[in-house]
Amino acid sequence: MAPLEIQDVSLATKEEILLAGISLTIGEGEILALLGPSGAGKTTLLRLVAGLEQPDRGRILFHGQDISGTPPHQRSFGMMFQEYTLFPHRDVAANIAFGLEMQKMERHRRDKRISEVLELVGLHGFDRRTVDSLSGGERQRVALARCLAPRPHLLLLDEPLASLDLQLRERLANEIRAILKRMAITAIFVTHDQSEAFAVADRIAILHEGRLEQCATPEEIYRCPASSVVASFLGFRNLLPPDTDDIQELLAVKDAWPAHIRAAAGNQEAMLLIRPDAATLTGQSPQGPDAIILDGVVERRRFQGRFYQLTIAVKSHRLIFDMPPEPLPPGPGEAITFRLDPAAIALLSS
Amino acid sequence: MRSSPLPLRSIFLLPPLLFLLAFYFHPLLQILLLSNTAEFRGQPLSPAHLLESSVYLRVIWFTFWQAALSTLLTFLLALPGAFIYARYDFRGKKVLRAASTVPFVLPTVVTAAAFRALLGANGLVNTWLMELLSLQHPPIQIEQTVAFFLLAHVFYNYTLVLRIVGEYWSRIDARAGEAAAMLGASPRQIFFRVTLPLLTPAIASSALLVFIFCFTSFGIILLLGGPGQTTIEVEIYRQAVHLFNLPMAASLSLIQILFNFGLMWLYVRIGRKSPLSFFADSFPMRTRPPRRLGEKVFLAANLIVMFLLLATPLLALITASFTDQNGFSTLYYLTLFTNQSGSVFAVPAGQAICNSLFFALATTVLALVLGLSATTALSSPRIPGQALMETLILLPLATSAVTMGFGFIVTLNRPPLDLRDSLALIPLAHSLVAFPFVVRCLLPALRSIPHALREAAAVLGASPGRIWYHVDMPLTARAVAVGAVFAFSVSMGEFGATSFIARPHTPTMPVAIFRFLSRPGDMNFGQAMAMSSILMLVTIIGFLVLEKLTPAKS
Amino acid sequence: MCGLPIRSGILVLFFALCTPLASDAAEILRVMTHDSFNASTEVIARFEQENNARVVFLKSGDAGAALVQAILSKGKPLADVFFGVDNTFLSRAVNSSIFDSYTPRRLSTVPAHFRLDPGNRLIPITYGDVCLNYDKLWFAKKGIAPPATLEDLTKPSYKGLTVIENPATSSPGLAFLLATIGHFGEHGYIEFWKKMRANDTLVANGWEDAYYGHFTAASKGDRPIVVSYASSPPAAVHFSSTPLTEAPTAAIIGNRSAFRQVEFAGILTGTKQPVLARKFIDFMLDIPFQEDVPLQMFVFPVNPAAKLPEVFRRHAVVADDPATVTPAAIEENRDRWLEEWTTVMLR
């Protein structure tokens, strides 16, 4: 039985719908990321699981038991808040001790556990530091240690890395995953940053305007976004409606287009996604008869380190691709001929 | 900033310091000195008697424990109220909040009349109970008992706790409690182990105010307490005014001031040891309607307590203002708006309302300017002598109104401050009480803003003035509003030394009420009740306007 | 929030416009008095017109507080004329030498027993008798005869019916204590009070509390006998919301049971307006002011030529034989009497 089942949960205020019929299942020891733009309902869903809010409709089951009537403090879940909400009137050790005190743990076991978790998050010897004296990263670790200490049955993390700088974020994302895996803890991780979700999660659930758009592994989501909403949220910008004349034309002349994509021509509902890694210069690879070759003019070329980002005008469309720095792609104003990898083209329902 | 020994903000201490010097320390010192000149010495009871006689020790002890007990009771009743104000949305919240401050402005004679109309031997409650249970004697007999004026103290000070703690509570990050809940803390544990410690600054601040108020309580004890119950303040009045024993009055004043000074000093010292800047920059607590049944019951229970404690005496008063011998009547109101007696001192109600509002607004502005100025300086972490300054600002609250009034008399009658028949005397005397209030409302709020936020604004190119305007002020807007409301109330209720100062006669609403109540005749009593009801109404409107002027934090 | 000071500033300006603006008169006469002082607008206007002056009243708290302030500002007086010293404080006021001696032209017409200051520093203006009042209706309903003497109060049939004011905090309270001292003598009065305590007498701290808080005729009180003034019955008629032919209360004044309070006025030493101040003292003994006194302050005029208003003629009584204690004796013994009384009644 899955540890956590969310069944058709809805919540609305007078003004707006916060969550519309969300159903999700999380496996034992799994890390699920809730990904979505701000206002998507991620935090609300997390708070429903925590018991801090009550759903209008739907149930939440924990190991098969409906926990709707259980107040948050009796659920034995851990939650890490976006601003960490460390207690300012307690020092580091006393913050971590709080959950243990609630369990009425004896003093010496408590002290042992505190040093254990401090060790785990790499803050050995920070016991007596005041909250005020900690840096952002240190606070984050204390907050993590605090919710890990009582050994929660489920860990809820609300944007735990949002207020950190980029470098720290990358490092801590990996560390959090490592810690959670080491403790084999089931966790839900809320973020609006897709790379963070990719780095931490086993599975990702994408929320948009209170709806669940897709729930799948990071690879599946990257390869096959379920909708244009998901695609645009993942940063894919080459989204073309297949019913315009130009696309019709592109699709018609090229026999190489996969059949299911050609069939979509004229479909009002569908969207054509061309991933940024789909294009290679024609000189690079052998050209079979089934190769999709397009001609265009480079509008902009930006060096991004590991690749160049090219903005290419093809007929009336503007497509953006990442291309390797070697050989040097044509510069602005120059003509370009490139080949598209059919595997990097997907058809999305709108 | 580091290079200069004194931060720029310390300049702002100057106006409040000058104000205190001219209108507090100078008058106080003069009257204390004068009391011990040959003119007034040689009284039958010398101050030395003070230490010999157990009577005075008993007075001091009584003053202390009744103040402590009043404070405790006020908190027991008002803390849950502050909670519901910080946490829940419900209908009529704004009006109720304004109404809850009304007791604060009622003259003590009116409060006494209201309580007696409700709980007196022949009051409403007793009459009903006697009819209901067919009793021969009134079941509630609390007149002249300690319980009666303790109740009145709670009635007066409830709003202080409700407002100061409630406002502070609403700015505590609600997720601190949620975080505790997620760590397994029950609501009770959250309250005692997280919320209460976080609320400490606001609780200490308001507790100090309530305690000082009850410690220096005068009218309420005199009117509702029995004649055997005497506080230091009542004894000062008795010694100075009825026995002309000024040296004794001065000694008692000194004891009162020193005691409170010690208390405040202790408070300020402790308060400064735990600088809690837990300011929730993005998520102040959001209010919401109560959802669970338990929440609804809790809210309802609190509203009932508020209603019973605050509203019923007021309603009894309003009822009296509309009732003459023949039942319902608007006679008292109609006659209020004409000068029936043709007296120089009787003015139509409209004029009294205008006078009251004028003094109240002048007081509010003066107290706000002084208060903002002082707190701007005191909230900066690098001002020397901060603790002392904070304590000094509070002192006027703890000083006998009789002593202060007489101090004004002996100092403000000669140039450069010849205010003998100046109208300024009244807002000045009111501000002396209102100013510490504003400071107490503002300081905890300003101190909870992390200094880093100001530094951030400075780095973004904001001048100190703009930082104050764009960071400090918007973030403490609610606290400023609360301070303004209290300054307004202090003046509307004619707090402080004004009743002991020779002042040009400008009939305000409380003065008119006193005038009616000092003469026999049911017309006088009815008009006093009607004027009190108008005072309440004007006050509520004043509060609502003041709060309107202060946009809620967006 | 940011606009608050500015916006309230505008409001203040607005309200400043509706407060009275001082008119420019040539001379200003300041009269310091207690909060209970009252006079008719026309009467004061008459003085102002006749003397081309403006009279400013400085109200200074209760009678005791006002006198203390006058004494404290000795030499640098806050005002020119002081009104409101009564005979219980007379010696104290005279001894503090804050008043100039002046003999107004009409003083000779005032009965001698009012002229308690032979040096004429304090001039008698009004008088009133502090005495017991009772609720006529209450006694009629119960079929009990109302008390007639002080001694009656200690009888079992009047147990628990009386409310008095604490003499330590109330001026009528002190006056009534003095009535008992005048009546029973220095040695007998304390016995009377012991019996009063045994007879369940209620002590209130002030007149408002006693009259409006406990007296059955004026409020929902439970005490039909109260210490008040002999002029309270006419006041109750005058200030009735419905026309009354008979006063609801009556005063007990016979058998030396009342104490007579005389109120005095004087010219404060150091005044800048000595001429005008004298004129005002004269004016206060003149018929217009004297006839204004009853309905404004509910006391009697000392000038026998002043006519009493209808309501006083019909409902007011004056004690023929009030109990008396000399101002000098009061000044000398007040603290001790209060201490003795407090010990018997409150401790």
# chains A, B, ... in the order shown; residues from 1 in each chain; ligands from 1
>>> interface_residues(of="chain A", to="chain B", cutoff="6 Å", atoms="only C-alpha atoms", output="PyMOL selection string")
chain A and resi 72-73+78-79+85+99+102
>>> write_last_selection(atoms="N, CA, C and O atoms", output="mmCIF file, in the first residue's frame")
data_model
loop_
_atom_site.group_PDB
_atom_site.id
_atom_site.type_symbol
_atom_site.label_atom_id
_atom_site.label_comp_id
_atom_site.auth_asym_id
_atom_site.auth_seq_id
_atom_site.Cartn_x
_atom_site.Cartn_y
_atom_site.Cartn_z
ATOM 1 N N PRO A 72 -2.584 18.451 12.664
ATOM 2 C CA PRO A 72 -1.203 18.357 12.167
ATOM 3 C C PRO A 72 -0.236 17.765 13.177
ATOM 4 O O PRO A 72 0.618 16.961 12.796
ATOM 5 N N HIS A 73 -0.398 18.132 14.478
ATOM 6 C CA HIS A 73 0.627 17.698 15.417
ATOM 7 C C HIS A 73 0.544 16.209 15.732
ATOM 8 O O HIS A 73 1.434 15.670 16.356
ATOM 9 N N GLY A 78 6.982 15.702 9.009
ATOM 10 C CA GLY A 78 7.894 16.820 9.212
ATOM 11 C C GLY A 78 7.647 17.835 8.116
ATOM 12 O O GLY A 78 7.264 17.469 7.004
ATOM 13 N N MET A 79 7.812 19.120 8.430
ATOM 14 C CA MET A 79 7.653 20.112 7.376
ATOM 15 C C MET A 79 8.729 21.173 7.500
ATOM 16 O O MET A 79 9.011 21.664 8.585
ATOM 17 N N THR A 85 11.439 29.378 9.295
ATOM 18 C CA THR A 85 10.720 29.640 10.551
ATOM 19 C C THR A 85 11.388 28.989 11.759
ATOM 20 O O THR A 85 10.761 28.262 12.511
ATOM 21 N N GLY A 99 10.989 19.277 18.579
ATOM 22 C CA GLY A 99 10.192 18.123 18.187
ATOM 23 C C GLY A 99 10.426 16.942 19.115
ATOM 24 O O GLY A 99 9.504 16.173 19.415
ATOM 25 N N MET A 102 8.554 17.385 22.274
ATOM 26 C CA MET A 102 7.138 17.070 22.095
ATOM 27 C C MET A 102 6.907 15.571 22.202
ATOM 28 O O MET A 102 5.843 15.115 22.582
#
>>> residues_around(residues="Leu132 in chain C", least_positions_apart="5", cutoff="7 Å", atoms="only C-alpha atoms", output="PDB file with C-alpha atoms, in the first residue's frame")
ATOM      1  CA  ILE C 225     -31.193  58.764  53.745  1.00  0.00           C
ATOM      2  CA  VAL C 226     -28.211  60.670  52.374  1.00  0.00           C
ATOM      3  CA  VAL C 227     -25.948  63.495  53.437  1.00  0.00           C
ATOM      4  CA  SER C 228     -26.531  66.332  50.960  1.00  0.00           C
ATOM      5  CA  ALA C 251     -33.995  68.045  54.182  1.00  0.00           C
ATOM      6  CA  ILE C 252     -33.619  67.512  57.921  1.00  0.00           C
TER       7      ILE C 252
END
>>> atom_distance(atom1="CA of Phe83 in chain B", atom2="CA of Leu162 in chain B")
8.3 Å
>>> residues_around(residues="Ala22 in chain B", least_positions_apart="6", cutoff="12 Å", atoms="only C-alpha atoms", output="list in words")
Pro15, Pro16, Leu28, Leu29, Gln30, Gly407, Phe408, Thr411, Leu412, Pro416, Leu417, Leu428, Ala429 and Leu432 of chain B
>>> select_by_dssp(residues="range 258-318 of chain C", states="alpha helix (DSSP H)", output="number ranges by chain")
C: 274-285, 287-297, 310-315
>>> residues_around(residues="range 205-222 of chain B", least_positions_apart="5", cutoff="7 Å", atoms="only C-alpha atoms", output="NGL selection string")
(:B and (63-64 or 67-68 or 70-71 or 108 or 149 or 153 or 157 or 160-161 or 164 or 233-234 or 398 or 400 or 440)) or (:C and (205))
>>> write_last_selection(atoms="N, CA and C atoms", output="CSV table (one decimal), in the first residue's frame")
chain,number,residue,atom,x,y,z
B,63,THR,N,-1.9,49.2,47.3
B,63,THR,CA,-1.7,49.7,45.9
B,63,THR,C,-1.0,48.7,45.0
B,64,PHE,N,0.0,48.0,45.6
B,64,PHE,CA,0.8,47.1,44.8
B,64,PHE,C,0.0,45.9,44.5
B,67,ALA,N,-2.9,46.4,42.0
B,67,ALA,CA,-2.4,46.6,40.6
B,67,ALA,C,-2.0,45.3,40.0
B,68,ALA,N,-1.3,44.5,40.7
B,68,ALA,CA,-0.8,43.2,40.2
B,68,ALA,C,-2.0,42.3,39.9
B,70,SER,N,-5.1,43.3,39.2
B,70,SER,CA,-5.8,43.8,38.1
B,70,SER,C,-5.1,43.5,36.8
B,71,THR,N,-3.8,43.6,36.8
B,71,THR,CA,-3.1,43.3,35.6
B,71,THR,C,-3.3,41.8,35.2
B,108,THR,N,-14.3,58.5,34.9
B,108,THR,CA,-14.6,57.5,35.9
B,108,THR,C,-15.9,57.6,36.6
B,149,PHE,N,-14.0,47.2,41.9
B,149,PHE,CA,-13.1,48.1,41.1
B,149,PHE,C,-12.1,47.3,40.3
B,153,HIS,N,-11.2,48.0,36.6
B,153,HIS,CA,-9.9,48.1,36.0
B,153,HIS,C,-9.7,47.2,34.8
B,157,ASN,N,-8.8,48.5,31.0
B,157,ASN,CA,-7.5,48.2,30.5
B,157,ASN,C,-7.6,47.0,29.5
B,160,LEU,N,-6.2,47.9,26.1
B,160,LEU,CA,-4.8,48.1,26.0
B,160,LEU,C,-4.1,46.8,25.6
B,161,VAL,N,-4.5,45.7,26.2
B,161,VAL,CA,-3.9,44.4,25.9
B,161,VAL,C,-4.4,43.9,24.6
B,164,ILE,N,-2.5,46.3,21.8
B,164,ILE,CA,-1.0,46.2,21.7
B,164,ILE,C,-0.6,44.7,21.5
B,233,GLU,N,-2.1,57.0,45.2
B,233,GLU,CA,-2.6,58.1,44.5
B,233,GLU,C,-3.7,58.8,45.3
B,234,VAL,N,-4.7,58.0,45.8
B,234,VAL,CA,-5.8,58.6,46.5
B,234,VAL,C,-5.3,59.3,47.8
B,398,ALA,N,3.6,57.3,35.5
B,398,ALA,CA,3.6,56.8,36.8
B,398,ALA,C,3.6,57.8,37.9
B,400,SER,N,1.9,60.9,40.0
B,400,SER,CA,0.6,61.4,40.5
B,400,SER,C,0.1,62.6,39.7
B,440,ARG,N,5.2,53.3,23.7
B,440,ARG,CA,5.1,51.9,24.0
B,440,ARG,C,4.4,51.1,22.9
C,205,ASN,N,-17.3,57.5,49.0
C,205,ASN,CA,-16.1,58.4,48.9
C,205,ASN,C,-16.4,59.8,48.5
>>> atom_distance(atom1="CA of Leu90 in chain C", atom2="CA of Ala66 in chain C")
13.2 Å
>>> atom_distance(atom1="CA of Asp321 in chain C", atom2="CA of Gly64 in chain C")
26.6 Å
>>> closest_residue(among="B:Gly483, B:Pro313, B:Pro507, B:Pro444", to="Gly350 in chain B", atoms="only C-alpha atoms")
B:Pro507
>>> residues_around(residues="Arg288 in chain B", least_positions_apart="6", cutoff="9 Å", atoms="only C-alpha atoms", output="ChimeraX atom specification")
/B:87-90
>>> write_last_selection(atoms="C-alpha atoms", output="compact mmCIF listing (two decimals), in the first residue's frame")
# COMPACT_ATOMS: atom_id res chain seq x y z
CA ARG B 87 -6.16 35.29 13.77
CA TYR B 88 -9.77 35.41 12.67
CA ASP B 89 -11.98 37.41 10.40
CA PHE B 90 -15.53 37.92 11.49
>>> select_by_dssp(residues="range 161-330 of chain C", states="strand (DSSP E or B)", output="VMD selection string")
chain C and resid 162 to 165 202 to 204 215 223 225 to 229 249 to 252 259 to 268 300 to 301 323
>>> write_last_selection(atoms="N, CA and C atoms", output="JSON list (two decimals), in the first residue's frame")
[["chain", "number", "residue", "atom", "x", "y", "z"],
["C", 162, "THR", "N", -28.79, 54.67, 55.90],
["C", 162, "THR", "CA", -28.08, 55.94, 55.67],
["C", 162, "THR", "C", -26.81, 55.75, 54.85],
["C", 163, "VAL", "N", -26.60, 56.67, 53.93],
["C", 163, "VAL", "CA", -25.31, 56.73, 53.24],
["C", 163, "VAL", "C", -24.71, 58.11, 53.47],
["C", 164, "ILE", "N", -23.43, 58.14, 53.89],
["C", 164, "ILE", "CA", -22.77, 59.42, 54.13],
["C", 164, "ILE", "C", -21.51, 59.48, 53.28],
["C", 165, "GLU", "N", -20.90, 60.64, 53.19],
["C", 165, "GLU", "CA", -19.66, 60.77, 52.44],
["C", 165, "GLU", "C", -18.47, 60.71, 53.39],
["C", 202, "LEU", "N", -23.51, 53.35, 55.53],
["C", 202, "LEU", "CA", -22.64, 53.17, 54.37],
["C", 202, "LEU", "C", -21.81, 54.44, 54.15],
["C", 203, "VAL", "N", -20.51, 54.26, 53.91],
["C", 203, "VAL", "CA", -19.65, 55.41, 53.64],
["C", 203, "VAL", "C", -19.27, 55.41, 52.16],
["C", 204, "ALA", "N", -19.63, 56.48, 51.46],
["C", 204, "ALA", "CA", -19.20, 56.61, 50.06],
["C", 204, "ALA", "C", -18.04, 57.60, 50.02],
["C", 215, "PHE", "N", -28.47, 56.68, 46.85],
["C", 215, "PHE", "CA", -29.68, 57.31, 47.37],
["C", 215, "PHE", "C", -30.89, 56.84, 46.54],
["C", 223, "ARG", "N", -30.40, 53.26, 49.69],
["C", 223, "ARG", "CA", -30.35, 54.01, 50.95],
["C", 223, "ARG", "C", -31.29, 55.21, 50.85],
["C", 225, "ILE", "N", -31.69, 57.57, 53.04],
["C", 225, "ILE", "CA", -31.19, 58.76, 53.74],
["C", 225, "ILE", "C", -29.78, 59.06, 53.26],
["C", 226, "VAL", "N", -29.52, 60.31, 52.91],
["C", 226, "VAL", "CA", -28.21, 60.67, 52.37],
["C", 226, "VAL", "C", -27.77, 62.00, 52.95],
["C", 227, "VAL", "N", -26.45, 62.18, 53.05],
["C", 227, "VAL", "CA", -25.95, 63.49, 53.44],
["C", 227, "VAL", "C", -25.83, 64.34, 52.18],
["C", 228, "SER", "N", -26.58, 65.45, 52.13],
["C", 228, "SER", "CA", -26.53, 66.33, 50.96],
["C", 228, "SER", "C", -26.73, 67.77, 51.43],
["C", 229, "TYR", "N", -27.41, 68.58, 50.64],
["C", 229, "TYR", "CA", -27.60, 69.99, 51.01],
["C", 229, "TYR", "C", -29.06, 70.27, 51.27],
["C", 249, "THR", "N", -37.72, 64.77, 47.70],
["C", 249, "THR", "CA", -36.88, 64.57, 48.87],
["C", 249, "THR", "C", -37.12, 65.71, 49.86],
["C", 250, "ALA", "N", -36.67, 65.49, 51.08],
["C", 250, "ALA", "CA", -36.79, 66.55, 52.08],
["C", 250, "ALA", "C", -35.51, 66.64, 52.88],
["C", 251, "ALA", "N", -35.21, 67.84, 53.40],
["C", 251, "ALA", "CA", -33.99, 68.04, 54.18],
["C", 251, "ALA", "C", -34.34, 68.06, 55.66],
["C", 252, "ILE", "N", -33.44, 67.49, 56.46],
["C", 252, "ILE", "CA", -33.62, 67.51, 57.92],
["C", 252, "ILE", "C", -32.68, 68.58, 58.46],
["C", 259, "PHE", "N", -24.88, 71.60, 59.19],
["C", 259, "PHE", "CA", -23.68, 72.43, 59.29],
["C", 259, "PHE", "C", -23.72, 73.45, 58.17],
["C", 260, "ARG", "N", -23.46, 74.69, 58.53],
["C", 260, "ARG", "CA", -23.58, 75.75, 57.53],
["C", 260, "ARG", "C", -22.24, 75.99, 56.85],
["C", 261, "GLN", "N", -22.21, 75.81, 55.53],
["C", 261, "GLN", "CA", -21.01, 76.11, 54.75],
["C", 261, "GLN", "C", -21.18, 77.50, 54.16],
["C", 262, "VAL", "N", -20.23, 78.38, 54.44],
["C", 262, "VAL", "CA", -20.26, 79.72, 53.85],
["C", 262, "VAL", "C", -19.13, 79.76, 52.83],
["C", 263, "GLU", "N", -19.42, 80.26, 51.64],
["C", 263, "GLU", "CA", -18.35, 80.35, 50.64],
["C", 263, "GLU", "C", -17.91, 81.80, 50.49],
["C", 264, "PHE", "N", -16.61, 81.96, 50.41],
["C", 264, "PHE", "CA", -16.00, 83.30, 50.39],
["C", 264, "PHE", "C", -15.26, 83.55, 49.09],
["C", 265, "ALA", "N", -15.10, 84.85, 48.80],
["C", 265, "ALA", "CA", -14.26, 85.24, 47.68],
["C", 265, "ALA", "C", -13.22, 86.23, 48.19],
["C", 266, "GLY", "N", -12.09, 86.33, 47.47],
["C", 266, "GLY", "CA", -11.07, 87.28, 47.90],
["C", 266, "GLY", "C", -10.22, 87.73, 46.73],
["C", 267, "ILE", "N", -9.49, 88.83, 46.96],
["C", 267, "ILE", "CA", -8.60, 89.36, 45.92],
["C", 267, "ILE", "C", -7.22, 88.77, 46.16],
["C", 268, "LEU", "N", -6.67, 88.15, 45.13],
["C", 268, "LEU", "CA", -5.38, 87.49, 45.29],
["C", 268, "LEU", "C", -4.26, 88.52, 45.35],
["C", 300, "PHE", "N", -27.54, 79.60, 48.91],
["C", 300, "PHE", "CA", -28.30, 80.81, 49.21],
["C", 300, "PHE", "C", -27.40, 82.04, 49.15],
["C", 301, "PRO", "N", -27.95, 83.20, 48.77],
["C", 301, "PRO", "CA", -27.17, 84.43, 48.76],
["C", 301, "PRO", "C", -27.02, 84.96, 50.19],
["C", 323, "ALA", "N", -25.54, 73.59, 63.62],
["C", 323, "ALA", "CA", -24.42, 73.27, 64.50],
["C", 323, "ALA", "C", -23.22, 74.07, 64.04]]
